[in-house]
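Printed here is upload07.pdb (PDB, C-alpha atoms, pLDDT in the B column):
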```
ATOM      1  CA  ASP S  27       9.126  -3.595  18.141  1.00 64.00           C
ATOM      2  CA  ALA S  28       5.396  -4.289  17.977  1.00 80.00           C
ATOM      3  CA  GLY S  29       5.070  -2.727  14.544  1.00 92.00           C
ATOM      4  CA  VAL S  30       2.378  -0.291  13.489  1.00 96.00           C
ATOM      5  CA  ILE S  31      -0.633  -0.686  15.745  1.00 97.00           C
ATOM      6  CA  GLN S  32      -4.113   0.203  14.589  1.00 97.00           C
ATOM      7  CA  SER S  33      -7.347   0.241  16.522  1.00 97.00           C
ATOM      8  CA  PRO S  34     -10.006  -0.858  16.384  1.00 97.00           C
ATOM      9  CA  ARG S  35      -9.521  -3.830  14.059  1.00 96.00           C
ATOM     10  CA  HIS S  36     -13.166  -3.807  13.128  1.00 97.00           C
ATOM     11  CA  GLU S  37     -15.705  -1.020  13.300  1.00 97.00           C
ATOM     12  CA  VAL S  38     -19.366  -1.258  12.471  1.00 97.00           C
ATOM     13  CA  THR S  39     -21.383   1.924  12.596  1.00 96.00           C
ATOM     14  CA  GLU S  40     -24.499   3.466  11.213  1.00 96.00           C
ATOM     15  CA  MET S  41     -24.637   6.079   8.528  1.00 96.00           C
ATOM     16  CA  GLY S  42     -24.256   9.559   9.925  1.00 96.00           C
ATOM     17  CA  GLN S  43     -22.190   8.538  12.915  1.00 97.00           C
ATOM     18  CA  GLU S  44     -18.690   9.788  13.604  1.00 97.00           C
ATOM     19  CA  VAL S  45     -15.896   7.266  13.238  1.00 97.00           C
ATOM     20  CA  THR S  46     -12.381   7.622  14.613  1.00 98.00           C
ATOM     21  CA  LEU S  47      -9.578   5.312  13.587  1.00 98.00           C
ATOM     22  CA  ARG S  48      -6.345   5.257  15.524  1.00 98.00           C
ATOM     23  CA  CYS S  49      -2.753   4.510  14.706  1.00 98.00           C
ATOM     24  CA  LYS S  50       0.468   4.164  16.636  1.00 97.00           C
ATOM     25  CA  PRO S  51       3.466   4.224  14.297  1.00 96.00           C
ATOM     26  CA  ILE S  52       6.747   2.458  14.855  1.00 94.00           C
ATOM     27  CA  SER S  53       8.853   4.418  17.295  1.00 93.00           C
ATOM     28  CA  GLY S  54      11.412   6.606  15.558  1.00 89.00           C
ATOM     29  CA  HIS S  55       9.663   6.679  12.205  1.00 90.00           C
ATOM     30  CA  ASP S  56       9.304  10.140  10.721  1.00 88.00           C
ATOM     31  CA  TYR S  57       6.570   9.484   8.198  1.00 91.00           C
ATOM     32  CA  LEU S  58       3.034   8.293   8.720  1.00 94.00           C
ATOM     33  CA  PHE S  59       0.572   7.371   5.996  1.00 95.00           C
ATOM     34  CA  TRP S  60      -3.147   6.664   5.886  1.00 97.00           C
ATOM     35  CA  TYR S  61      -4.448   4.442   3.095  1.00 96.00           C
ATOM     36  CA  ARG S  62      -7.866   3.161   2.131  1.00 96.00           C
ATOM     37  CA  GLN S  63      -8.327  -0.210   0.446  1.00 94.00           C
ATOM     38  CA  THR S  64     -11.436  -1.218  -1.505  1.00 92.00           C
ATOM     39  CA  MET S  65     -12.083  -3.815  -4.161  1.00 86.00           C
ATOM     40  CA  MET S  66     -13.005  -1.176  -6.686  1.00 85.00           C
ATOM     41  CA  ARG S  67     -10.219   1.336  -6.144  1.00 86.00           C
ATOM     42  CA  GLY S  68      -7.457  -0.775  -4.636  1.00 87.00           C
ATOM     43  CA  LEU S  69      -5.029   0.827  -2.215  1.00 91.00           C
ATOM     44  CA  GLU S  70      -5.264   4.622  -2.160  1.00 92.00           C
ATOM     45  CA  LEU S  71      -3.107   7.062  -0.239  1.00 92.00           C
ATOM     46  CA  LEU S  72      -5.282   9.481   1.697  1.00 95.00           C
ATOM     47  CA  ILE S  73      -2.762  11.630   3.543  1.00 95.00           C
ATOM     48  CA  TYR S  74       0.741  11.517   4.911  1.00 93.00           C
ATOM     49  CA  PHE S  75       2.617  13.286   7.671  1.00 93.00           C
ATOM     50  CA  ASN S  76       6.264  14.108   8.188  1.00 90.00           C
ATOM     51  CA  ASN S  77       7.313  14.808  11.770  1.00 90.00           C
ATOM     52  CA  ASN S  78       3.650  15.193  12.736  1.00 93.00           C
ATOM     53  CA  VAL S  79       2.972  17.769  10.016  1.00 93.00           C
ATOM     54  CA  PRO S  80       0.524  16.946   7.212  1.00 93.00           C
ATOM     55  CA  ILE S  81       2.436  17.095   3.939  1.00 89.00           C
ATOM     56  CA  ASP S  82      -0.019  15.919   1.309  1.00 89.00           C
ATOM     57  CA  ASP S  83      -3.737  15.443   1.857  1.00 92.00           C
ATOM     58  CA  SER S  84      -4.708  15.440  -1.806  1.00 89.00           C
ATOM     59  CA  GLY S  85      -6.048  11.908  -1.468  1.00 91.00           C
ATOM     60  CA  MET S  86      -8.584  12.774   1.216  1.00 94.00           C
ATOM     61  CA  PRO S  87     -11.882  12.206  -0.545  1.00 87.00           C
ATOM     62  CA  GLU S  88     -14.077  14.819   1.093  1.00 86.00           C
ATOM     63  CA  ASP S  89     -14.295  17.311   3.901  1.00 91.00           C
ATOM     64  CA  ARG S  90     -15.947  14.601   5.927  1.00 95.00           C
ATOM     65  CA  PHE S  91     -12.475  13.102   6.329  1.00 97.00           C
ATOM     66  CA  SER S  92      -9.871  14.608   8.604  1.00 97.00           C
ATOM     67  CA  ALA S  93      -6.589  13.379  10.026  1.00 97.00           C
ATOM     68  CA  LYS S  94      -4.430  14.574  12.849  1.00 97.00           C
ATOM     69  CA  MET S  95      -1.111  13.668  14.353  1.00 97.00           C
ATOM     70  CA  PRO S  96      -0.823  15.391  17.731  1.00 96.00           C
ATOM     71  CA  ASN S  97       2.478  13.717  18.553  1.00 95.00           C
ATOM     72  CA  ALA S  98       5.022  11.332  17.100  1.00 94.00           C
ATOM     73  CA  SER S  99       3.341   8.266  18.520  1.00 95.00           C
ATOM     74  CA  PHE S 100      -0.288   8.787  17.639  1.00 96.00           C
ATOM     75  CA  SER S 101      -2.501   9.656  14.702  1.00 98.00           C
ATOM     76  CA  THR S 102      -6.227   9.623  14.053  1.00 98.00           C
ATOM     77  CA  LEU S 103      -8.371   9.484  10.959  1.00 98.00           C
ATOM     78  CA  LYS S 104     -11.874  10.767  11.514  1.00 98.00           C
ATOM     79  CA  ILE S 105     -14.918  10.469   9.313  1.00 97.00           C
ATOM     80  CA  GLN S 106     -17.882  12.642  10.162  1.00 96.00           C
ATOM     81  CA  PRO S 107     -20.553  11.959   9.157  1.00 96.00           C
ATOM     82  CA  SER S 108     -19.884   8.477   7.874  1.00 96.00           C
ATOM     83  CA  GLU S 109     -21.585   7.087   4.779  1.00 96.00           C
ATOM     84  CA  PRO S 110     -21.963   3.517   3.463  1.00 96.00           C
ATOM     85  CA  ARG S 111     -19.502   4.263   0.644  1.00 95.00           C
ATOM     86  CA  ASP S 112     -16.824   4.829   3.273  1.00 96.00           C
ATOM     87  CA  SER S 113     -16.878   1.109   4.029  1.00 97.00           C
ATOM     88  CA  ALA S 114     -13.340  -0.133   3.403  1.00 97.00           C
ATOM     89  CA  VAL S 115     -10.195  -1.302   5.107  1.00 97.00           C
ATOM     90  CA  TYR S 116      -8.116   1.618   6.347  1.00 98.00           C
ATOM     91  CA  PHE S 117      -4.399   1.117   6.772  1.00 97.00           C
ATOM     92  CA  CYS S 118      -1.858   3.153   8.597  1.00 97.00           C
ATOM     93  CA  ALA S 119       1.803   2.841   7.642  1.00 95.00           C
ATOM     94  CA  SER S 120       4.996   4.415   8.890  1.00 93.00           C
ATOM     95  CA  SER S 121       8.437   4.847   7.415  1.00 89.00           C
ATOM     96  CA  PRO S 122      11.774   6.036   8.728  1.00 83.00           C
ATOM     97  CA  LEU S 123      13.633   8.965   7.251  1.00 66.00           C
ATOM     98  CA  GLY S 124      16.731   8.155   5.277  1.00 57.00           C
ATOM     99  CA  THR S 125      15.667   4.822   3.895  1.00 51.00           C
ATOM    100  CA  GLY S 126      17.332   5.738   0.626  1.00 55.00           C
ATOM    101  CA  SER S 127      16.033   3.701  -2.233  1.00 49.00           C
ATOM    102  CA  LYS S 128      14.366   1.216   0.055  1.00 55.00           C
ATOM    103  CA  ASN S 129      11.326   3.395   0.726  1.00 62.00           C
ATOM    104  CA  ILE S 130      10.036   0.793   3.112  1.00 80.00           C
ATOM    105  CA  GLN S 131       6.627   1.518   4.482  1.00 88.00           C
ATOM    106  CA  TYR S 132       5.543  -0.681   7.349  1.00 90.00           C
ATOM    107  CA  PHE S 133       1.820  -1.278   7.403  1.00 93.00           C
ATOM    108  CA  GLY S 134      -0.469  -1.968  10.308  1.00 95.00           C
ATOM    109  CA  ALA S 135      -3.043  -4.750  10.191  1.00 95.00           C
ATOM    110  CA  GLY S 136      -5.782  -2.309   9.201  1.00 96.00           C
ATOM    111  CA  THR S 137      -9.215  -1.332  10.439  1.00 97.00           C
ATOM    112  CA  ARG S 138     -12.148  -2.845   8.608  1.00 97.00           C
ATOM    113  CA  LEU S 139     -14.920  -0.255   8.618  1.00 97.00           C
ATOM    114  CA  SER S 140     -18.501  -1.108   7.799  1.00 97.00           C
ATOM    115  CA  VAL S 141     -21.012   1.723   7.598  1.00 97.00           C
ATOM    116  CA  LEU S 142     -24.582   0.474   7.539  1.00 96.00           C
TER     117      LEU S 142
ATOM    118  CA  GLN U   7      -6.478   7.934 -13.906  1.00 49.00           C
ATOM    119  CA  GLN U   8      -4.792   4.762 -12.835  1.00 55.00           C
ATOM    120  CA  GLN U   9      -1.063   5.350 -12.755  1.00 86.00           C
ATOM    121  CA  VAL U  10       0.019   1.729 -12.471  1.00 93.00           C
ATOM    122  CA  LYS U  11      -1.881  -1.049 -14.223  1.00 94.00           C
ATOM    123  CA  GLN U  12      -1.517  -4.558 -12.862  1.00 95.00           C
ATOM    124  CA  SER U  13      -2.550  -7.887 -14.349  1.00 96.00           C
ATOM    125  CA  PRO U  14      -3.947 -10.436 -13.950  1.00 96.00           C
ATOM    126  CA  GLN U  15      -6.506  -9.739 -11.241  1.00 94.00           C
ATOM    127  CA  SER U  16      -6.259 -13.334 -10.070  1.00 96.00           C
ATOM    128  CA  LEU U  17      -3.927 -16.213 -10.754  1.00 97.00           C
ATOM    129  CA  ILE U  18      -4.069 -19.892  -9.943  1.00 98.00           C
ATOM    130  CA  VAL U  19      -0.879 -21.918 -10.073  1.00 97.00           C
ATOM    131  CA  GLN U  20       0.026 -25.454  -9.145  1.00 97.00           C
ATOM    132  CA  LYS U  21       2.663 -26.075  -6.513  1.00 97.00           C
ATOM    133  CA  GLY U  22       6.089 -25.925  -8.076  1.00 97.00           C
ATOM    134  CA  GLY U  23       4.943 -23.777 -10.975  1.00 97.00           C
ATOM    135  CA  ILE U  24       5.950 -20.256 -11.926  1.00 97.00           C
ATOM    136  CA  SER U  25       3.714 -17.323 -11.020  1.00 98.00           C
ATOM    137  CA  ILE U  26       4.026 -14.210 -13.161  1.00 98.00           C
ATOM    138  CA  ILE U  27       2.404 -10.873 -12.381  1.00 98.00           C
ATOM    139  CA  ASN U  28       2.758  -7.910 -14.687  1.00 98.00           C
ATOM    140  CA  CYS U  29       2.604  -4.161 -14.191  1.00 97.00           C
ATOM    141  CA  ALA U  30       2.796  -1.230 -16.583  1.00 96.00           C
ATOM    142  CA  TYR U  31       3.138   2.468 -15.998  1.00 94.00           C
ATOM    143  CA  GLU U  32       3.124   5.607 -18.098  1.00 89.00           C
ATOM    144  CA  ASN U  33       4.650   8.311 -15.961  1.00 83.00           C
ATOM    145  CA  THR U  34       8.417   8.601 -16.314  1.00 82.00           C
ATOM    146  CA  ALA U  35       8.557  10.445 -12.983  1.00 82.00           C
ATOM    147  CA  PHE U  36       8.562   7.131 -11.146  1.00 85.00           C
ATOM    148  CA  ASP U  37      11.970   6.182  -9.802  1.00 83.00           C
ATOM    149  CA  TYR U  38      11.504   3.086  -7.674  1.00 87.00           C
ATOM    150  CA  PHE U  39       9.309   0.018  -8.026  1.00 92.00           C
ATOM    151  CA  PRO U  40       8.513  -2.133  -4.988  1.00 92.00           C
ATOM    152  CA  TRP U  41       6.290  -5.181  -4.729  1.00 96.00           C
ATOM    153  CA  TYR U  42       4.166  -5.780  -1.667  1.00 95.00           C
ATOM    154  CA  GLN U  43       2.685  -9.035  -0.406  1.00 97.00           C
ATOM    155  CA  GLN U  44      -0.519  -9.071   1.612  1.00 96.00           C
ATOM    156  CA  PHE U  45      -1.998 -12.014   3.486  1.00 95.00           C
ATOM    157  CA  PRO U  46      -5.660 -12.036   4.531  1.00 92.00           C
ATOM    158  CA  GLY U  47      -6.256  -9.896   7.577  1.00 89.00           C
ATOM    159  CA  LYS U  48      -2.806  -8.337   7.391  1.00 92.00           C
ATOM    160  CA  GLY U  49      -1.339  -5.189   5.998  1.00 93.00           C
ATOM    161  CA  PRO U  50       0.875  -5.194   2.892  1.00 94.00           C
ATOM    162  CA  ALA U  51       4.541  -5.996   3.500  1.00 93.00           C
ATOM    163  CA  LEU U  52       7.478  -5.155   1.254  1.00 91.00           C
ATOM    164  CA  LEU U  53       8.598  -8.211  -0.701  1.00 94.00           C
ATOM    165  CA  ILE U  54      11.187  -7.006  -3.179  1.00 93.00           C
ATOM    166  CA  ALA U  55      11.980  -3.791  -5.032  1.00 92.00           C
ATOM    167  CA  ILE U  56      13.942  -2.541  -8.018  1.00 92.00           C
ATOM    168  CA  ARG U  57      15.352   0.685  -9.392  1.00 88.00           C
ATOM    169  CA  PRO U  58      14.823   1.523 -13.081  1.00 87.00           C
ATOM    170  CA  ASP U  59      18.533   1.379 -13.862  1.00 89.00           C
ATOM    171  CA  VAL U  60      18.514  -2.356 -13.167  1.00 91.00           C
ATOM    172  CA  SER U  61      16.879  -4.888 -15.501  1.00 94.00           C
ATOM    173  CA  GLU U  62      16.508  -7.705 -13.022  1.00 95.00           C
ATOM    174  CA  LYS U  63      16.660  -8.341  -9.298  1.00 95.00           C
ATOM    175  CA  LYS U  64      16.435 -11.712  -7.638  1.00 96.00           C
ATOM    176  CA  GLU U  65      15.835 -12.570  -4.008  1.00 95.00           C
ATOM    177  CA  GLY U  66      15.406 -16.264  -3.376  1.00 96.00           C
ATOM    178  CA  ARG U  67      12.451 -17.512  -5.396  1.00 97.00           C
ATOM    179  CA  PHE U  68      11.280 -13.982  -6.215  1.00 97.00           C
ATOM    180  CA  THR U  69      12.548 -12.071  -9.242  1.00 97.00           C
ATOM    181  CA  ILE U  70      11.619  -8.671 -10.636  1.00 96.00           C
ATOM    182  CA  SER U  71      12.168  -8.084 -14.331  1.00 96.00           C
ATOM    183  CA  PHE U  72      12.181  -4.454 -15.435  1.00 95.00           C
ATOM    184  CA  ASN U  73      11.847  -3.115 -18.981  1.00 94.00           C
ATOM    185  CA  LYS U  74      12.398   0.620 -18.870  1.00 92.00           C
ATOM    186  CA  SER U  75      11.759   1.274 -22.553  1.00 92.00           C
ATOM    187  CA  ALA U  76       8.436  -0.562 -22.434  1.00 94.00           C
ATOM    188  CA  LYS U  77       7.584   0.890 -19.012  1.00 94.00           C
ATOM    189  CA  GLN U  78       6.763  -2.537 -17.720  1.00 96.00           C
ATOM    190  CA  PHE U  79       7.900  -4.645 -14.819  1.00 97.00           C
ATOM    191  CA  SER U  80       6.939  -8.047 -13.576  1.00 97.00           C
ATOM    192  CA  LEU U  81       7.224 -10.328 -10.569  1.00 98.00           C
ATOM    193  CA  HIS U  82       8.181 -13.939 -11.081  1.00 98.00           C
ATOM    194  CA  ILE U  83       7.731 -16.458  -8.289  1.00 98.00           C
ATOM    195  CA  MET U  84       9.652 -19.618  -9.013  1.00 97.00           C
ATOM    196  CA  ASP U  85       8.713 -22.974  -7.480  1.00 97.00           C
ATOM    197  CA  SER U  86       5.464 -21.464  -6.169  1.00 98.00           C
ATOM    198  CA  GLN U  87       4.306 -22.819  -2.817  1.00 97.00           C
ATOM    199  CA  PRO U  88       0.889 -22.837  -1.128  1.00 97.00           C
ATOM    200  CA  GLY U  89       2.353 -20.448   1.435  1.00 97.00           C
ATOM    201  CA  ASP U  90       2.823 -17.911  -1.352  1.00 97.00           C
ATOM    202  CA  SER U  91      -0.955 -17.623  -1.701  1.00 98.00           C
ATOM    203  CA  ALA U  92      -1.627 -13.959  -1.046  1.00 97.00           C
ATOM    204  CA  THR U  93      -2.451 -10.713  -2.780  1.00 96.00           C
ATOM    205  CA  TYR U  94       0.469  -9.050  -4.528  1.00 97.00           C
ATOM    206  CA  PHE U  95       0.680  -5.353  -5.283  1.00 96.00           C
ATOM    207  CA  CYS U  96       3.136  -3.633  -7.520  1.00 96.00           C
ATOM    208  CA  ALA U  97       3.868  -0.017  -6.763  1.00 93.00           C
ATOM    209  CA  ALA U  98       5.756   2.921  -8.177  1.00 91.00           C
ATOM    210  CA  ARG U  99       7.335   5.795  -6.312  1.00 86.00           C
ATOM    211  CA  TRP U 100       7.082   9.360  -7.490  1.00 80.00           C
ATOM    212  CA  SER U 101      10.505  10.871  -7.850  1.00 72.00           C
ATOM    213  CA  ALA U 102      11.114  13.400  -5.113  1.00 63.00           C
ATOM    214  CA  GLY U 103      14.013  15.819  -4.874  1.00 59.00           C
ATOM    215  CA  GLY U 104      16.073  16.717  -1.875  1.00 52.00           C
ATOM    216  CA  THR U 105      14.611  15.482   1.360  1.00 51.00           C
ATOM    217  CA  SER U 106      11.080  15.141   0.022  1.00 54.00           C
ATOM    218  CA  TYR U 107       9.451  11.780   0.331  1.00 67.00           C
ATOM    219  CA  GLY U 108       8.222  10.125  -2.824  1.00 70.00           C
ATOM    220  CA  LYS U 109       4.669   8.856  -2.613  1.00 80.00           C
ATOM    221  CA  LEU U 110       3.808   5.343  -3.670  1.00 86.00           C
ATOM    222  CA  THR U 111       1.125   4.558  -6.225  1.00 89.00           C
ATOM    223  CA  PHE U 112      -0.146   0.990  -6.081  1.00 92.00           C
ATOM    224  CA  GLY U 113      -1.479  -1.345  -8.739  1.00 93.00           C
ATOM    225  CA  GLN U 114      -4.884  -2.937  -8.260  1.00 93.00           C
ATOM    226  CA  GLY U 115      -3.462  -6.155  -6.851  1.00 94.00           C
ATOM    227  CA  THR U 116      -3.323  -9.803  -7.948  1.00 96.00           C
ATOM    228  CA  ILE U 117      -4.822 -12.581  -5.875  1.00 96.00           C
ATOM    229  CA  LEU U 118      -2.484 -15.556  -6.174  1.00 98.00           C
ATOM    230  CA  THR U 119      -3.644 -19.034  -5.240  1.00 98.00           C
ATOM    231  CA  VAL U 120      -1.144 -21.868  -5.260  1.00 97.00           C
ATOM    232  CA  HIS U 121      -2.738 -25.294  -5.178  1.00 96.00           C
ATOM    233  CA  PRO U 122      -0.895 -28.098  -3.392  1.00 92.00           C
TER     234      PRO U 122
END
```

Take the structure in this file and express it as structure tokens.
Amino acid sequence: DAGVIQSPRHEVTEMGQEVTLRCKPISGHDYLFWYRQTMMRGLELLIYFNNNVPIDDSGMPEDRFSAKMPNASFSTLKIQPSEPRDSAVYFCASSPLGTGSKNIQYFGAGTRLSVL
Amino acid sequence: QQQVKQSPQSLIVQKGGISIINCAYENTAFDYFPWYQQFPGKGPALLIAIRPDVSEKKEGRFTISFNKSAKQFSLHIMDSQPGDSATYFCAARWSAGGTSYGKLTFGQGTILTVHP
């Protein structure tokens, strides 16, 4: 398995532009997570899905952020309009159902976003 | 409010030495405590994990010590190697009932550098 695949790996955009980050989870995984990583705040959970349904979006910082999962193999995180403070590394992770106490989340390599 | 506090922020160890990273939590609703390892340009990967009913878990050179009464847990890396140089995150899982999925809350991370 290729693991969790994120694209693009790097994104540089100007303030006010729309940004779309993409994620392909590991096939067969029921849960998908979006995280944001910054030096100041560390690794924060933004939203997670179960079987393509958003379960908890309490970590989404503002209405400028939205996430969708139209099918089991694809998810997007969109920021519109983007602001410099959105600059961070965004990770997608997936996890299979029934992991018991393992709770293993498999992370992608991340998208480094720079908003100028 | 930071749910899991991790220290130190950075750690430098000589090859062959012992690396110790500490984490503390306050919320008794946590029921599982994994450690993640992250190399530059990569996403975090599960390293080792422990349940609160166990005081110690060892996997190779990596050991978790857990003190439930003090609400503290730590990662010990024995015989540290330059290849262990990475960022380490402790995490805690919110207890979830039934088929719900417990979210992970991460510590701020520790940058470990092992000198040859």

For segment 107-119 of chain S: contacts at 8 Å, only C-alpha atoms, fewer than 5 positions along chain excluded, given as number ranges by chain: S: 30, 32, 40-45, 49, 51, 58-64, 90, 131-142; U: 49

Nearby residues, (5.8, 7.0, -4.4) file frame, 6 Å, all atoms listed in the file, as a PDB file with C-alpha atoms, keeping the file's coordinate frame:
```pdb
ATOM      1  CA  ALA U  98       5.756   2.921  -8.177  1.00 91.00           C
ATOM      2  CA  ARG U  99       7.335   5.795  -6.312  1.00 86.00           C
ATOM      3  CA  TRP U 100       7.082   9.360  -7.490  1.00 80.00           C
ATOM      4  CA  GLY U 108       8.222  10.125  -2.824  1.00 70.00           C
ATOM      5  CA  LYS U 109       4.669   8.856  -2.613  1.00 80.00           C
ATOM      6  CA  LEU U 110       3.808   5.343  -3.670  1.00 86.00           C
ATOM      7  CA  THR U 111       1.125   4.558  -6.225  1.00 89.00           C
TER       8      THR U 111
END
```

Residues matched by the PyMOL selection byres ((chain U) within 10 of (chain S)), written as a ChimeraX atom specification: /U:8,37-40,42,44-57,95,99,105-115

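Compared by their closest atoms to Gly29 of chain S, and using only C-alpha atoms, the residues S:Lys94, S:His55, S:Arg48, S:Lys104 rank with S:His55 nearest.
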
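Near Gly22 of chain U, within a cut-off of 7 Å and counting all atoms listed in the file, sit the residues Asp85, Ser86 and Gln87 of chain U, with same-chain residues fewer than 5 positions away left out.
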
Report, as AutoDock Vina command-line options, the axis-aligned box around all atoms of segment 96-101 of chain U present in the file, extended by 4 Å on each side; give centre and edge lengths in Å to one decimal place.
```
--center_x 6.8 --center_y 3.6 --center_z -7.2 --size_x 15.4 --size_y 22.5 --size_z 9.9
```

Tell me which protein, DNA and RNA residues are within 10 Å of Ser92 of chain S, counting only C-alpha atoms, leaving out same-chain ones fewer than 3 positions away, and put them as an mmCIF file with C-alpha atoms, in the frame of the given file.
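Contents of out24.cif, freshly written:
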```
data_model
loop_
_atom_site.group_PDB
_atom_site.id
_atom_site.type_symbol
_atom_site.label_atom_id
_atom_site.label_comp_id
_atom_site.auth_asym_id
_atom_site.auth_seq_id
_atom_site.Cartn_x
_atom_site.Cartn_y
_atom_site.Cartn_z
ATOM 1 C CA THR S 46 -12.381 7.622 14.613
ATOM 2 C CA LEU S 72 -5.282 9.481 1.697
ATOM 3 C CA ILE S 73 -2.762 11.630 3.543
ATOM 4 C CA ASP S 83 -3.737 15.443 1.857
ATOM 5 C CA MET S 86 -8.584 12.774 1.216
ATOM 6 C CA PRO S 87 -11.882 12.206 -0.545
ATOM 7 C CA GLU S 88 -14.077 14.819 1.093
ATOM 8 C CA ASP S 89 -14.295 17.311 3.901
ATOM 9 C CA THR S 102 -6.227 9.623 14.053
ATOM 10 C CA LEU S 103 -8.371 9.484 10.959
ATOM 11 C CA LYS S 104 -11.874 10.767 11.514
ATOM 12 C CA ILE S 105 -14.918 10.469 9.313
ATOM 13 C CA GLN S 106 -17.882 12.642 10.162
#
```

Protein and nucleic acid residues near (4.2, -20.1, -13.7) (cut-off 9 Å, all atoms listed in the file) as a list in words: Val19, Gln20, Gly22, Gly23, Ile24, Ser25, Ile26, His82, Ile83, Met84, Asp85 and Ser86 of chain U

Near Asn73 of chain U, within 9 Å and counting all atoms listed in the file, which residues show up once chain neighbours fewer than 6 positions away are dropped, as a short mmCIF file (atom, residue, chain, number, x, y, z; two decimals) with C-alpha atoms, in the coordinates of the input?
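The new file out27.cif reads:
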```cif
data_model
loop_
_atom_site.label_atom_id
_atom_site.label_comp_id
_atom_site.auth_asym_id
_atom_site.auth_seq_id
_atom_site.Cartn_x
_atom_site.Cartn_y
_atom_site.Cartn_z
CA PRO U 58 14.82 1.52 -13.08
CA VAL U 60 18.51 -2.36 -13.17
CA SER U 61 16.88 -4.89 -15.50
CA GLU U 62 16.51 -7.70 -13.02
CA PHE U 79 7.90 -4.64 -14.82
CA SER U 80 6.94 -8.05 -13.58
#
```

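Put simply, atom CA of Gln12 of chain U is 6.6 Å away from atom CA of Ala30 of chain U.
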
Length of the atom CA of Gly85 of chain S to atom CA of Leu118 of chain U vector [Å]: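 Taking atom CA of Gly85 of chain S and atom CA of Leu118 of chain U, their separation equals 28.1 Å.
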
Point-to-point distance in Å for atom CA of Val79 of chain S and atom CA of Ala35 of chain U: 24.8 Å

Nearest-residue call for Pro88 of chain U, choices U:Thr69, U:Thr119, U:Asn28, U:Ser75, using all atoms listed in the file: U:Thr119

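Using all atoms listed in the file, the nearest neighbour of Tyr94 of chain U within the list U:Leu17, U:Thr34, U:Lys64, U:Trp41 is U:Trp41.
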
Kindly write segment 77-88 of chain U with N, CA, C and O atoms to a file, as a compact mmCIF listing (two decimals), in the first residue's frame.
```txt
# COMPACT_ATOMS: atom_id res chain seq x y z
N LYS U 77 -0.30 11.22 36.92
CA LYS U 77 -0.74 11.64 35.59
C LYS U 77 0.45 12.07 34.74
O LYS U 77 0.44 13.13 34.09
N GLN U 78 1.44 11.21 34.74
CA GLN U 78 2.64 11.49 33.97
C GLN U 78 3.07 10.23 33.23
O GLN U 78 2.86 9.11 33.72
N PHE U 79 3.69 10.42 32.08
CA PHE U 79 4.27 9.30 31.37
C PHE U 79 5.49 9.80 30.61
O PHE U 79 5.60 10.99 30.30
N SER U 80 6.40 8.90 30.37
CA SER U 80 7.65 9.30 29.76
C SER U 80 8.14 8.25 28.77
O SER U 80 7.80 7.07 28.87
N LEU U 81 8.93 8.74 27.83
CA LEU U 81 9.57 7.87 26.83
C LEU U 81 11.06 7.84 27.12
O LEU U 81 11.69 8.89 27.27
N HIS U 82 11.59 6.64 27.20
CA HIS U 82 13.02 6.46 27.40
C HIS U 82 13.58 5.77 26.16
O HIS U 82 13.05 4.72 25.74
N ILE U 83 14.62 6.35 25.61
CA ILE U 83 15.31 5.74 24.47
C ILE U 83 16.69 5.33 24.96
O ILE U 83 17.54 6.18 25.26
N MET U 84 16.89 4.04 25.07
CA MET U 84 18.18 3.53 25.52
C MET U 84 19.15 3.46 24.36
O MET U 84 18.74 3.27 23.20
N ASP U 85 20.45 3.57 24.68
CA ASP U 85 21.48 3.45 23.64
C ASP U 85 21.11 4.30 22.43
O ASP U 85 21.03 3.82 21.29
N SER U 86 20.85 5.58 22.65
CA SER U 86 20.39 6.48 21.59
C SER U 86 21.37 6.49 20.42
O SER U 86 22.60 6.48 20.61
N GLN U 87 20.80 6.52 19.21
CA GLN U 87 21.59 6.49 17.99
C GLN U 87 21.30 7.74 17.15
O GLN U 87 20.21 8.31 17.23
N PRO U 88 22.25 8.14 16.32
CA PRO U 88 21.99 9.31 15.46
C PRO U 88 20.72 9.16 14.63
O PRO U 88 20.03 10.15 14.35
```
